[in-house]
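Coordinates from structure.cif are shown below (mmCIF, C-alpha atoms).
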data_work
loop_
_atom_site.group_PDB
_atom_site.id
_atom_site.type_symbol
_atom_site.label_atom_id
_atom_site.label_comp_id
_atom_site.auth_asym_id
_atom_site.auth_seq_id
_atom_site.Cartn_x
_atom_site.Cartn_y
_atom_site.Cartn_z
ATOM 1 C CA MET C 1 -23.230 -94.289 39.248
ATOM 2 C CA VAL C 2 -26.240 -94.882 37.026
ATOM 3 C CA SER C 3 -23.981 -96.275 34.280
ATOM 4 C CA ALA C 4 -22.240 -98.603 36.737
ATOM 5 C CA THR C 5 -25.561 -99.902 38.042
ATOM 6 C CA ASN C 6 -26.823 -100.478 34.521
ATOM 7 C CA LEU C 7 -23.638 -102.295 33.538
ATOM 8 C CA VAL C 8 -23.779 -104.576 36.585
ATOM 9 C CA LYS C 9 -27.339 -105.563 35.720
ATOM 10 C CA SER C 10 -26.767 -105.946 31.981
ATOM 11 C CA THR C 11 -23.626 -108.045 32.520
ATOM 12 C CA SER C 12 -25.358 -110.209 35.109
ATOM 13 C CA ASP C 13 -28.330 -110.682 32.782
ATOM 14 C CA HIS C 14 -25.992 -111.594 29.945
ATOM 15 C CA LEU C 15 -24.216 -114.248 32.007
ATOM 16 C CA VAL C 16 -27.537 -115.774 33.050
ATOM 17 C CA ALA C 17 -28.669 -115.829 29.429
ATOM 18 C CA ALA C 18 -25.389 -117.421 28.325
ATOM 19 C CA ALA C 19 -25.693 -120.110 30.995
ATOM 20 C CA GLU C 20 -29.256 -120.924 29.976
ATOM 21 C CA ALA C 21 -28.523 -120.891 26.250
ATOM 22 C CA ASN C 22 -25.496 -123.184 26.628
ATOM 23 C CA ALA C 23 -26.758 -125.694 29.201
ATOM 24 C CA LYS C 24 -26.649 -128.671 26.823
ATOM 25 C CA GLU C 25 -23.404 -127.533 25.235
ATOM 26 C CA VAL C 26 -21.677 -127.087 28.619
ATOM 27 C CA SER C 27 -22.631 -130.654 29.481
ATOM 28 C CA ALA C 28 -21.346 -131.883 26.113
ATOM 29 C CA ALA C 29 -18.073 -129.995 26.610
ATOM 30 C CA ALA C 30 -17.731 -131.532 30.070
ATOM 31 C CA ASP C 31 -18.237 -134.972 28.498
ATOM 32 C CA LEU C 32 -15.273 -134.323 26.202
ATOM 33 C CA LEU C 33 -13.003 -133.097 29.005
ATOM 34 C CA LEU C 34 -13.936 -136.018 31.242
ATOM 35 C CA GLY C 35 -12.911 -138.285 28.379
ATOM 36 C CA VAL C 36 -9.528 -136.554 28.305
ATOM 37 C CA ILE C 37 -9.054 -137.136 32.035
ATOM 38 C CA ARG C 38 -10.071 -140.783 31.798
ATOM 39 C CA ALA C 39 -7.602 -141.298 28.934
ATOM 40 C CA ASP C 40 -4.838 -139.359 30.742
ATOM 41 C CA ALA C 41 -4.664 -137.151 27.661
ATOM 42 C CA LEU C 42 -4.455 -133.361 27.227
ATOM 43 C CA VAL C 43 -6.752 -130.395 26.733
ATOM 44 C CA PHE C 44 -5.204 -128.055 24.163
ATOM 45 C CA THR C 45 -6.346 -124.431 24.317
ATOM 46 C CA ALA C 46 -5.851 -121.691 21.758
ATOM 47 C CA GLY C 47 -6.858 -118.219 20.675
ATOM 48 C CA ALA C 48 -5.475 -115.026 19.191
ATOM 49 C CA GLY C 49 -5.566 -111.352 20.080
ATOM 50 C CA HIS C 50 -7.653 -110.676 23.164
ATOM 51 C CA SER C 51 -8.975 -114.236 23.075
ATOM 52 C CA LEU C 52 -5.560 -115.155 24.463
ATOM 53 C CA ALA C 53 -6.894 -113.843 27.785
ATOM 54 C CA ALA C 54 -9.166 -116.888 27.816
ATOM 55 C CA VAL C 55 -6.227 -119.170 27.020
ATOM 56 C CA ALA C 56 -4.334 -117.703 29.989
ATOM 57 C CA GLU C 57 -7.392 -118.417 32.127
ATOM 58 C CA THR C 58 -7.164 -122.124 31.235
ATOM 59 C CA PHE C 59 -3.455 -122.560 31.926
ATOM 60 C CA TYR C 60 -1.521 -123.000 35.199
ATOM 61 C CA ARG C 61 -4.256 -121.241 37.097
ATOM 62 C CA ALA C 62 -5.445 -121.899 40.646
ATOM 63 C CA GLY C 63 -8.580 -123.997 40.362
ATOM 64 C CA GLY C 64 -7.900 -124.830 36.713
ATOM 65 C CA LEU C 65 -7.198 -128.116 35.005
ATOM 66 C CA SER C 66 -3.588 -129.254 35.124
ATOM 67 C CA CYS C 67 -3.763 -131.274 31.906
ATOM 68 C CA VAL C 68 -3.827 -128.180 29.683
ATOM 69 C CA TYR C 69 -1.430 -127.547 26.808
ATOM 70 C CA PRO C 70 -1.637 -123.952 25.505
ATOM 71 C CA LEU C 71 -1.034 -123.602 21.786
ATOM 72 C CA TYR C 72 0.625 -120.267 21.253
ATOM 73 C CA HIS C 73 2.600 -118.149 18.845
ATOM 74 C CA PRO C 74 4.094 -114.860 20.150
ATOM 75 C CA GLU C 75 3.066 -112.903 17.059
ATOM 76 C CA LEU C 76 -0.593 -113.447 17.991
ATOM 77 C CA LEU C 77 -0.307 -111.401 21.184
ATOM 78 C CA PRO C 78 -1.128 -107.676 20.833
ATOM 79 C CA LEU C 79 1.527 -106.828 23.447
ATOM 80 C CA HIS C 80 4.151 -107.980 20.948
ATOM 81 C CA GLY C 81 2.758 -105.693 18.233
ATOM 82 C CA ALA C 82 -0.910 -104.757 18.094
ATOM 83 C CA GLN C 83 -1.426 -104.306 14.344
ATOM 84 C CA HIS C 84 0.919 -107.176 13.578
ATOM 85 C CA SER C 85 -1.121 -109.510 15.782
ATOM 86 C CA THR C 86 -4.217 -108.776 13.690
ATOM 87 C CA ARG C 87 -2.339 -109.445 10.458
ATOM 88 C CA THR C 88 -0.923 -112.650 11.932
ATOM 89 C CA GLU C 89 -4.354 -113.995 12.928
ATOM 90 C CA ARG C 90 -5.499 -113.408 9.356
ATOM 91 C CA ARG C 91 -2.524 -115.212 7.823
ATOM 92 C CA SER C 92 -3.430 -118.574 6.376
ATOM 93 C CA GLY C 93 -0.970 -121.355 7.170
ATOM 94 C CA LEU C 94 0.123 -120.275 10.654
ATOM 95 C CA ALA C 95 -2.126 -122.828 12.328
ATOM 96 C CA GLU C 96 -0.376 -125.706 10.559
ATOM 97 C CA GLU C 97 2.993 -124.288 11.641
ATOM 98 C CA VAL C 98 1.819 -124.322 15.257
ATOM 99 C CA LEU C 99 0.300 -127.799 14.938
ATOM 100 C CA ALA C 100 3.499 -129.099 13.350
ATOM 101 C CA GLU C 101 5.266 -128.479 16.672
ATOM 102 C CA ARG C 102 2.604 -130.220 18.748
ATOM 103 C CA ALA C 103 -0.892 -131.235 17.757
ATOM 104 C CA PRO C 104 -3.768 -132.856 19.633
ATOM 105 C CA GLY C 105 -4.533 -136.476 18.851
ATOM 106 C CA PRO C 106 -7.684 -138.626 19.038
ATOM 107 C CA ASP C 107 -7.686 -138.796 22.855
ATOM 108 C CA ASP C 108 -7.154 -135.058 23.227
ATOM 109 C CA VAL C 109 -9.522 -132.106 22.930
ATOM 110 C CA LEU C 110 -8.832 -128.665 21.458
ATOM 111 C CA VAL C 111 -10.612 -125.620 22.901
ATOM 112 C CA VAL C 112 -10.523 -122.619 20.571
ATOM 113 C CA PHE C 113 -11.575 -119.163 21.780
ATOM 114 C CA SER C 114 -12.474 -116.679 19.048
ATOM 115 C CA THR C 115 -15.354 -114.234 19.280
ATOM 116 C CA SER C 116 -15.493 -113.448 15.564
ATOM 117 C CA GLY C 117 -14.729 -117.058 14.624
ATOM 118 C CA VAL C 118 -13.766 -116.273 11.037
ATOM 119 C CA ASN C 119 -10.050 -115.502 10.888
ATOM 120 C CA PRO C 120 -7.802 -118.162 9.347
ATOM 121 C CA TYR C 121 -5.741 -118.944 12.460
ATOM 122 C CA PRO C 122 -8.502 -120.164 14.804
ATOM 123 C CA VAL C 123 -10.539 -121.725 12.006
ATOM 124 C CA GLU C 124 -7.589 -123.598 10.463
ATOM 125 C CA LEU C 125 -6.429 -124.661 13.921
ATOM 126 C CA ALA C 126 -9.818 -126.254 14.608
ATOM 127 C CA ALA C 127 -9.912 -127.874 11.179
ATOM 128 C CA GLY C 128 -6.377 -129.208 11.592
ATOM 129 C CA ALA C 129 -7.177 -130.693 14.983
ATOM 130 C CA ARG C 130 -10.265 -132.420 13.631
ATOM 131 C CA ARG C 131 -8.247 -133.902 10.746
ATOM 132 C CA ARG C 132 -5.984 -135.406 13.389
ATOM 133 C CA GLY C 133 -8.941 -136.996 15.152
ATOM 134 C CA ALA C 134 -9.365 -134.543 18.029
ATOM 135 C CA ALA C 135 -12.696 -133.114 19.126
ATOM 136 C CA VAL C 136 -12.979 -129.317 19.137
ATOM 137 C CA ILE C 137 -14.795 -127.104 21.626
ATOM 138 C CA ALA C 138 -15.409 -123.758 19.928
ATOM 139 C CA VAL C 139 -16.036 -120.813 22.239
ATOM 140 C CA THR C 140 -17.357 -118.079 19.998
ATOM 141 C CA SER C 141 -20.370 -115.889 19.223
ATOM 142 C CA ARG C 142 -22.754 -117.125 16.587
ATOM 143 C CA ALA C 143 -23.976 -113.559 16.032
ATOM 144 C CA CYS C 144 -20.433 -112.284 15.482
ATOM 145 C CA VAL C 145 -19.596 -115.153 13.145
ATOM 146 C CA ALA C 146 -22.685 -114.423 11.071
ATOM 147 C CA ALA C 147 -21.867 -110.704 10.841
ATOM 148 C CA ALA C 148 -18.106 -110.887 10.250
ATOM 149 C CA PRO C 149 -16.476 -110.804 6.812
ATOM 150 C CA LYS C 150 -15.735 -114.264 5.418
ATOM 151 C CA ARG C 151 -11.974 -114.860 5.667
ATOM 152 C CA SER C 152 -11.768 -118.660 5.595
ATOM 153 C CA ALA C 153 -13.368 -121.512 3.707
ATOM 154 C CA THR C 154 -15.318 -122.379 6.854
ATOM 155 C CA ASN C 155 -15.839 -120.736 10.234
ATOM 156 C CA LEU C 156 -15.378 -121.782 13.848
ATOM 157 C CA VAL C 157 -19.035 -122.669 14.351
ATOM 158 C CA GLU C 158 -18.803 -125.108 11.444
ATOM 159 C CA GLU C 159 -15.545 -126.614 12.739
ATOM 160 C CA GLY C 160 -16.641 -127.057 16.360
ATOM 161 C CA THR C 161 -17.632 -130.470 17.688
ATOM 162 C CA VAL C 162 -19.297 -128.533 20.505
ATOM 163 C CA VAL C 163 -20.023 -124.802 20.216
ATOM 164 C CA LEU C 164 -20.324 -122.592 23.287
ATOM 165 C CA ASP C 165 -22.052 -119.366 22.269
ATOM 166 C CA SER C 166 -21.027 -116.293 24.263
ATOM 167 C CA LEU C 167 -24.055 -114.402 22.863
ATOM 168 C CA VAL C 168 -21.771 -111.380 22.411
ATOM 169 C CA ILE C 169 -23.094 -108.959 19.810
ATOM 170 C CA PRO C 170 -21.009 -107.878 16.800
ATOM 171 C CA GLY C 171 -18.422 -105.363 17.932
ATOM 172 C CA ASP C 172 -18.194 -106.908 21.441
ATOM 173 C CA ALA C 173 -19.052 -103.628 23.241
ATOM 174 C CA SER C 174 -22.083 -103.568 25.538
ATOM 175 C CA HIS C 175 -22.524 -99.954 26.732
ATOM 176 C CA PRO C 176 -24.544 -97.838 26.245
ATOM 177 C CA ALA C 177 -27.225 -100.361 25.389
ATOM 178 C CA ALA C 178 -28.805 -98.272 22.638
ATOM 179 C CA ALA C 179 -25.517 -97.792 20.759
ATOM 180 C CA PRO C 180 -22.722 -99.862 22.362
ATOM 181 C CA ARG C 181 -19.258 -98.316 22.255
ATOM 182 C CA THR C 182 -17.419 -99.648 25.328
ATOM 183 C CA ALA C 183 -17.486 -102.333 28.065
ATOM 184 C CA PRO C 184 -16.624 -105.356 25.873
ATOM 185 C CA LEU C 185 -18.065 -108.613 27.221
ATOM 186 C CA SER C 186 -16.227 -111.452 25.489
ATOM 187 C CA THR C 187 -13.442 -111.874 28.066
ATOM 188 C CA VAL C 188 -15.912 -111.983 30.956
ATOM 189 C CA VAL C 189 -18.254 -114.414 29.218
ATOM 190 C CA ASN C 190 -15.466 -116.684 27.966
ATOM 191 C CA ALA C 191 -14.135 -117.079 31.504
ATOM 192 C CA PHE C 192 -17.638 -117.693 32.821
ATOM 193 C CA LEU C 193 -18.432 -120.374 30.235
ATOM 194 C CA TRP C 194 -15.093 -122.071 30.936
ATOM 195 C CA ASN C 195 -15.878 -122.074 34.661
ATOM 196 C CA LEU C 196 -19.289 -123.610 33.991
ATOM 197 C CA VAL C 197 -17.544 -126.438 32.154
ATOM 198 C CA LEU C 198 -14.959 -126.852 34.917
ATOM 199 C CA THR C 199 -17.572 -127.081 37.661
ATOM 200 C CA GLU C 200 -19.450 -129.789 35.777
ATOM 201 C CA VAL C 201 -16.223 -131.665 35.100
ATOM 202 C CA TYR C 202 -15.340 -131.524 38.779
ATOM 203 C CA ASP C 203 -18.777 -132.506 40.091
ATOM 204 C CA ARG C 204 -19.327 -135.351 37.647
ATOM 205 C CA GLY C 205 -15.722 -136.514 37.744
ATOM 206 C CA THR C 206 -15.501 -136.735 41.525
ATOM 207 C CA ALA C 207 -18.924 -138.424 41.650
ATOM 208 C CA GLU C 208 -17.577 -141.257 39.489
ATOM 209 C CA GLY C 209 -14.329 -141.481 41.435
ATOM 210 C CA LEU C 210 -12.056 -139.703 38.966
ATOM 211 C CA ASP C 211 -9.077 -137.776 40.262
ATOM 212 C CA VAL C 212 -9.728 -134.465 38.503
ATOM 213 C CA PRO C 213 -6.287 -132.797 38.208
ATOM 214 C CA LEU C 214 -6.624 -129.222 39.440
ATOM 215 C CA TRP C 215 -3.993 -126.652 40.323
ATOM 216 C CA ARG C 216 -3.932 -125.173 43.800
ATOM 217 C CA SER C 217 -2.969 -121.614 44.640
ATOM 218 C CA SER C 218 0.719 -121.483 45.569
ATOM 219 C CA ASN C 219 -0.233 -118.944 48.234
ATOM 220 C CA VAL C 220 -2.326 -121.310 50.364
ATOM 221 C CA GLU C 221 -1.124 -123.969 52.792
ATOM 222 C CA GLY C 222 -0.166 -127.130 50.925
ATOM 223 C CA GLY C 223 -0.461 -125.510 47.518
ATOM 224 C CA ASP C 224 3.173 -125.904 46.487
ATOM 225 C CA ALA C 225 3.247 -129.562 47.511
ATOM 226 C CA ALA C 226 0.041 -130.360 45.627
ATOM 227 C CA ASN C 227 1.277 -128.561 42.525
ATOM 228 C CA ALA C 228 4.672 -130.276 42.663
ATOM 229 C CA ALA C 229 3.020 -133.640 42.059
ATOM 230 C CA LEU C 230 1.055 -132.264 39.119
ATOM 231 C CA LEU C 231 4.139 -130.610 37.658
ATOM 232 C CA ALA C 232 6.030 -133.886 37.854
ATOM 233 C CA LYS C 233 3.243 -135.554 35.894
ATOM 234 C CA TYR C 234 2.534 -132.940 33.223
ATOM 235 C CA GLU C 235 5.745 -130.956 32.741
ATOM 236 C CA PRO C 236 7.306 -133.622 30.498
ATOM 237 C CA ARG C 237 4.302 -133.287 28.163
ATOM 238 C CA VAL C 238 3.646 -129.532 28.499
ATOM 239 C CA PRO C 239 6.859 -127.535 27.912
ATOM 240 C CA ALA C 240 5.207 -124.268 28.948
ATOM 241 C CA LEU C 241 5.070 -125.579 32.539
ATOM 242 C CA ARG C 242 8.870 -125.352 32.865
#
Show me this structure written as structure tokens.
Amino acid sequence: MVSATNLVKSTSDHLVAAAEANAKEVSAAADLLLGVIRADALVFTAGAGHSLAAVAETFYRAGGLSCVYPLYHPELLPLHGAQHSTRTERRSGLAEEVLAERAPGPDDVLVVFSTSGVNPYPVELAAGARRRGAAVIAVTSRACVAAAPKRSATNLVEEGTVVLDSLVIPGDASHPAAAPRTAPLSTVVNAFLWNLVLTEVYDRGTAEGLDVPLWRSSNVEGGDAANAALLAKYEPRVPALR
């Protein structure tokens, strides 16, 4: 149980450090999302590989924003072919194919999750969104970006309007501390950073009288009825809600 105790402490310490390091950036990200809500626009979310776990966390999730449009291509998911998903993320041009189907505009915001922040798909997606006038929230690791091989003209840190730094070390693993080989942290930290943004959006939005659109669990009293109203509003704009 020594390893478990150490991991609990190291993970907890990491989350505290990430919260402290990103305090200003979380507030800036909340500013962007509040602007989306005020404009009745959409929050687009995207990632590839295991960063798609963070995209799933943003979409149609109890307690999550209802105005989310997930940008997705099935070849990016490891469950549809692990090695192929890596090759797909590294293929230049796929981002423009995805954006050609539906792209964020000036009132929208794109959130891109990518720990390495260097592969063509997430980088070109962020660049394409910015060309279309959308702000970009990059959720990445500055340390990983700096250490990773250069695969694009720019990287996600350079393309982000706001950059949330997960503080994950190159390789993602966190245990054992002296020579990490397992217990990757990026999924945990990405979800935590997203929740920090959501809580600030909710607190500040409700304080100014905004109706912050949030999903309810369908397994609590009144959840289905509350969600039905949100589905009626967003399903015409977010096909994945069908």
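Checking C:Glu235, C:Glu221, C:Asp107, C:Glu124 one by one against Ala95 in chain C, counting all atoms listed in the file, you find the shortest gap at C:Glu124.
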Contact residues around Gly117 in chain C with all atoms listed in the file at 8 Å, ignoring same-chain residues under 4 positions, as a PDB file with C-alpha atoms, in the frame of the given file:
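For reference, part12.pdb as written:
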ATOM      1  CA  PRO C 122      -8.502-120.164  14.804  1.00  0.00           C
ATOM      2  CA  VAL C 123     -10.539-121.725  12.006  1.00  0.00           C
ATOM      3  CA  THR C 140     -17.357-118.079  19.998  1.00  0.00           C
ATOM      4  CA  SER C 141     -20.370-115.889  19.223  1.00  0.00           C
ATOM      5  CA  CYS C 144     -20.433-112.284  15.482  1.00  0.00           C
ATOM      6  CA  VAL C 145     -19.596-115.153  13.145  1.00  0.00           C
ATOM      7  CA  ASN C 155     -15.839-120.736  10.234  1.00  0.00           C
ATOM      8  CA  LEU C 156     -15.378-121.782  13.848  1.00  0.00           C
ATOM      9  CA  VAL C 157     -19.035-122.669  14.351  1.00  0.00           C
TER      10      VAL C 157
END
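One distance worth recording is that between CA of Arg216 in chain C and CA of Val197 in chain C, which is 18.0 Å.
CA of Leu241 in chain C lies 24.5 Å from CA of Leu196 in chain C.
Nearest residue to Asp172 in chain C among C:Thr115, C:His73, C:Tyr121, C:Asn195 is C:Thr115, counting only C-alpha atoms.
Residues surrounding range 31-39 of chain C within 7 Å are Ser27, Ala28, Ala29, Ala41, Leu42, Val43, Asp107, Asp108, Val109, Val201 and Gly205 of chain C [all atoms listed in the file; sequence separation below 2 positions excluded].
Applied to the shown file, the PyMOL selection byres ((chain C and resi 137) around 8) selects the residues Ala29, Val109, Leu110, Val111, Val112, Ala135, Val136, Ala138, Val139, Gly160, Thr161, Val162, Val163 and Leu164 of chain C.
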I'd like to see the residues matched by the PyMOL selection byres ((chain C and resi 132) around 12) on this file, and ideally I'd get them as a ChimeraX atom specification.
/C:96,99-100,102-110,125-131,133-136
My list of candidates is C:Ser152, C:Thr88, C:Ser174, C:Ser217. Which is closest to Thr11 in chain C when distances are computed with all atoms listed in the file?
C:Ser174
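One finds CA of Lys9 in chain C at 24.7 Å from CA of Ser116 in chain C.
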Counting all atoms listed in the file, I want the residues whose atoms come within 7 Å of (-11.2, -119.3, 36.9) in the file frame, returned as a short mmCIF file (atom, residue, chain, number, x, y, z; two decimals) with C-alpha atoms, in the frame of the given file.
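The file below, result25.cif, is the result:
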data_model
loop_
_atom_site.label_atom_id
_atom_site.label_comp_id
_atom_site.auth_asym_id
_atom_site.auth_seq_id
_atom_site.Cartn_x
_atom_site.Cartn_y
_atom_site.Cartn_z
CA GLU C 57 -7.39 -118.42 32.13
CA GLY C 63 -8.58 -124.00 40.36
CA GLY C 64 -7.90 -124.83 36.71
CA ALA C 191 -14.14 -117.08 31.50
CA ASN C 195 -15.88 -122.07 34.66
#
Since I can't run it myself right now, could you work out what the PyMOL selection byres ((chain C and resi 226) around 12) selects here and report it as a short mmCIF file (atom, residue, chain, number, x, y, z; two decimals) with C-alpha atoms, keeping the file's coordinate frame?
data_model
loop_
_atom_site.label_atom_id
_atom_site.label_comp_id
_atom_site.auth_asym_id
_atom_site.auth_seq_id
_atom_site.Cartn_x
_atom_site.Cartn_y
_atom_site.Cartn_z
CA ALA C 62 -5.44 -121.90 40.65
CA GLY C 63 -8.58 -124.00 40.36
CA SER C 66 -3.59 -129.25 35.12
CA PRO C 213 -6.29 -132.80 38.21
CA LEU C 214 -6.62 -129.22 39.44
CA TRP C 215 -3.99 -126.65 40.32
CA ARG C 216 -3.93 -125.17 43.80
CA SER C 217 -2.97 -121.61 44.64
CA SER C 218 0.72 -121.48 45.57
CA ASN C 219 -0.23 -118.94 48.23
CA VAL C 220 -2.33 -121.31 50.36
CA GLU C 221 -1.12 -123.97 52.79
CA GLY C 222 -0.17 -127.13 50.92
CA GLY C 223 -0.46 -125.51 47.52
CA ASP C 224 3.17 -125.90 46.49
CA ALA C 225 3.25 -129.56 47.51
CA ASN C 227 1.28 -128.56 42.52
CA ALA C 228 4.67 -130.28 42.66
CA ALA C 229 3.02 -133.64 42.06
CA LEU C 230 1.06 -132.26 39.12
CA LEU C 231 4.14 -130.61 37.66
CA ALA C 232 6.03 -133.89 37.85
CA LYS C 233 3.24 -135.55 35.89
#
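With all atoms listed in the file taken into account, the protein and nucleic acid residues at most 10 Å from Leu7 in chain C (excluding it and anything under 2 positions from it in its own chain) are Met1, Val2, Ser3, Ala4, Thr5, Lys9, Ser10, Thr11, Ser12, Asp13, Ser174, His175, Pro176, Ala177 and Ala183 of chain C.
When all atoms listed in the file are used to compute distances to Leu79 in chain C, the closest of the residues C:Arg242, C:Arg61, C:Arg91, C:His50 turns out to be C:His50.
Shortest separation to Leu15 in chain C among C:Ala143, C:Ala240, C:Leu185, C:Val212 occurs at residue C:Leu185, atoms counted being only C-alpha atoms.
The shortest atom-to-atom distance to Phe44 in chain C, with all atoms listed in the file taken into account, belongs to C:Thr58 out of C:Asn190, C:Thr199, C:Ser166, C:Thr58.
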Any chance you could work out the axis-aligned box around range 133-140 of chain C, listed atoms only, 4 Å on each side, giving centre and edge lengths in Å to one decimal, as AutoDock Vina command-line options?
--center_x -13.1 --center_y -127.5 --center_z 18.7 --size_x 16.4 --size_y 26.9 --size_z 15.1
Extract, using only C-alpha atoms, all DNA, RNA and protein residues at most 8 Å from Ala18 in chain C, discarding same-chain residues fewer than 3 positions from it, and format them as a PyMOL selection string.
chain C and resi 14-15+21-22+165-167+189+193
Repaired coordinates for range 34-57 of chain C (N, CA and C atoms) as a compact mmCIF listing (two decimals), keeping the file's coordinate frame:
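Generated output (selection-v6.txt):
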# COMPACT_ATOMS: atom_id res chain seq x y z
N LEU C 34 -13.99 -134.83 30.39
CA LEU C 34 -13.94 -136.02 31.24
C LEU C 34 -13.30 -137.17 30.48
N GLY C 35 -13.57 -137.25 29.19
CA GLY C 35 -12.91 -138.28 28.38
C GLY C 35 -11.41 -138.10 28.33
N VAL C 36 -10.96 -136.85 28.27
CA VAL C 36 -9.53 -136.55 28.30
C VAL C 36 -8.91 -137.04 29.62
N ILE C 37 -9.58 -136.75 30.72
CA ILE C 37 -9.05 -137.14 32.03
C ILE C 37 -9.01 -138.66 32.17
N ARG C 38 -10.05 -139.32 31.72
CA ARG C 38 -10.07 -140.78 31.80
C ARG C 38 -8.94 -141.39 30.97
N ALA C 39 -8.64 -140.78 29.83
CA ALA C 39 -7.60 -141.30 28.93
C ALA C 39 -6.21 -140.80 29.31
N ASP C 40 -6.10 -139.99 30.36
CA ASP C 40 -4.84 -139.36 30.74
C ASP C 40 -4.23 -138.64 29.54
N ALA C 41 -5.08 -137.90 28.85
CA ALA C 41 -4.66 -137.15 27.66
C ALA C 41 -4.58 -135.66 28.02
N LEU C 42 -4.65 -134.79 27.01
CA LEU C 42 -4.46 -133.36 27.23
C LEU C 42 -5.59 -132.54 26.63
N VAL C 43 -5.84 -131.40 27.26
CA VAL C 43 -6.75 -130.40 26.73
C VAL C 43 -5.90 -129.28 26.14
N PHE C 44 -5.93 -129.13 24.83
CA PHE C 44 -5.20 -128.06 24.16
C PHE C 44 -6.11 -126.83 24.11
N THR C 45 -5.55 -125.66 24.38
CA THR C 45 -6.35 -124.43 24.32
C THR C 45 -5.64 -123.42 23.43
N ALA C 46 -6.44 -122.62 22.72
CA ALA C 46 -5.85 -121.69 21.76
C ALA C 46 -6.76 -120.49 21.52
N GLY C 47 -6.14 -119.43 21.04
CA GLY C 47 -6.86 -118.22 20.68
C GLY C 47 -5.86 -117.24 20.08
N ALA C 48 -6.35 -116.07 19.74
CA ALA C 48 -5.48 -115.03 19.19
C ALA C 48 -6.00 -113.68 19.66
N GLY C 49 -5.14 -112.67 19.64
CA GLY C 49 -5.57 -111.35 20.08
C GLY C 49 -6.04 -111.38 21.52
N HIS C 50 -7.15 -110.72 21.79
CA HIS C 50 -7.65 -110.68 23.16
C HIS C 50 -8.28 -111.99 23.60
N SER C 51 -8.51 -112.90 22.68
CA SER C 51 -8.98 -114.24 23.08
C SER C 51 -7.88 -115.01 23.80
N LEU C 52 -6.63 -114.53 23.70
CA LEU C 52 -5.56 -115.16 24.46
C LEU C 52 -5.75 -114.97 25.97
N ALA C 53 -6.57 -113.99 26.36
CA ALA C 53 -6.89 -113.84 27.78
C ALA C 53 -7.62 -115.08 28.28
N ALA C 54 -8.46 -115.66 27.44
CA ALA C 54 -9.17 -116.89 27.82
C ALA C 54 -8.21 -118.07 27.89
N VAL C 55 -7.23 -118.10 26.98
CA VAL C 55 -6.23 -119.17 27.02
C VAL C 55 -5.44 -119.08 28.32
N ALA C 56 -5.04 -117.88 28.72
CA ALA C 56 -4.33 -117.70 29.99
C ALA C 56 -5.19 -118.18 31.16
N GLU C 57 -6.49 -117.99 31.06
CA GLU C 57 -7.39 -118.42 32.13
C GLU C 57 -7.43 -119.95 32.26
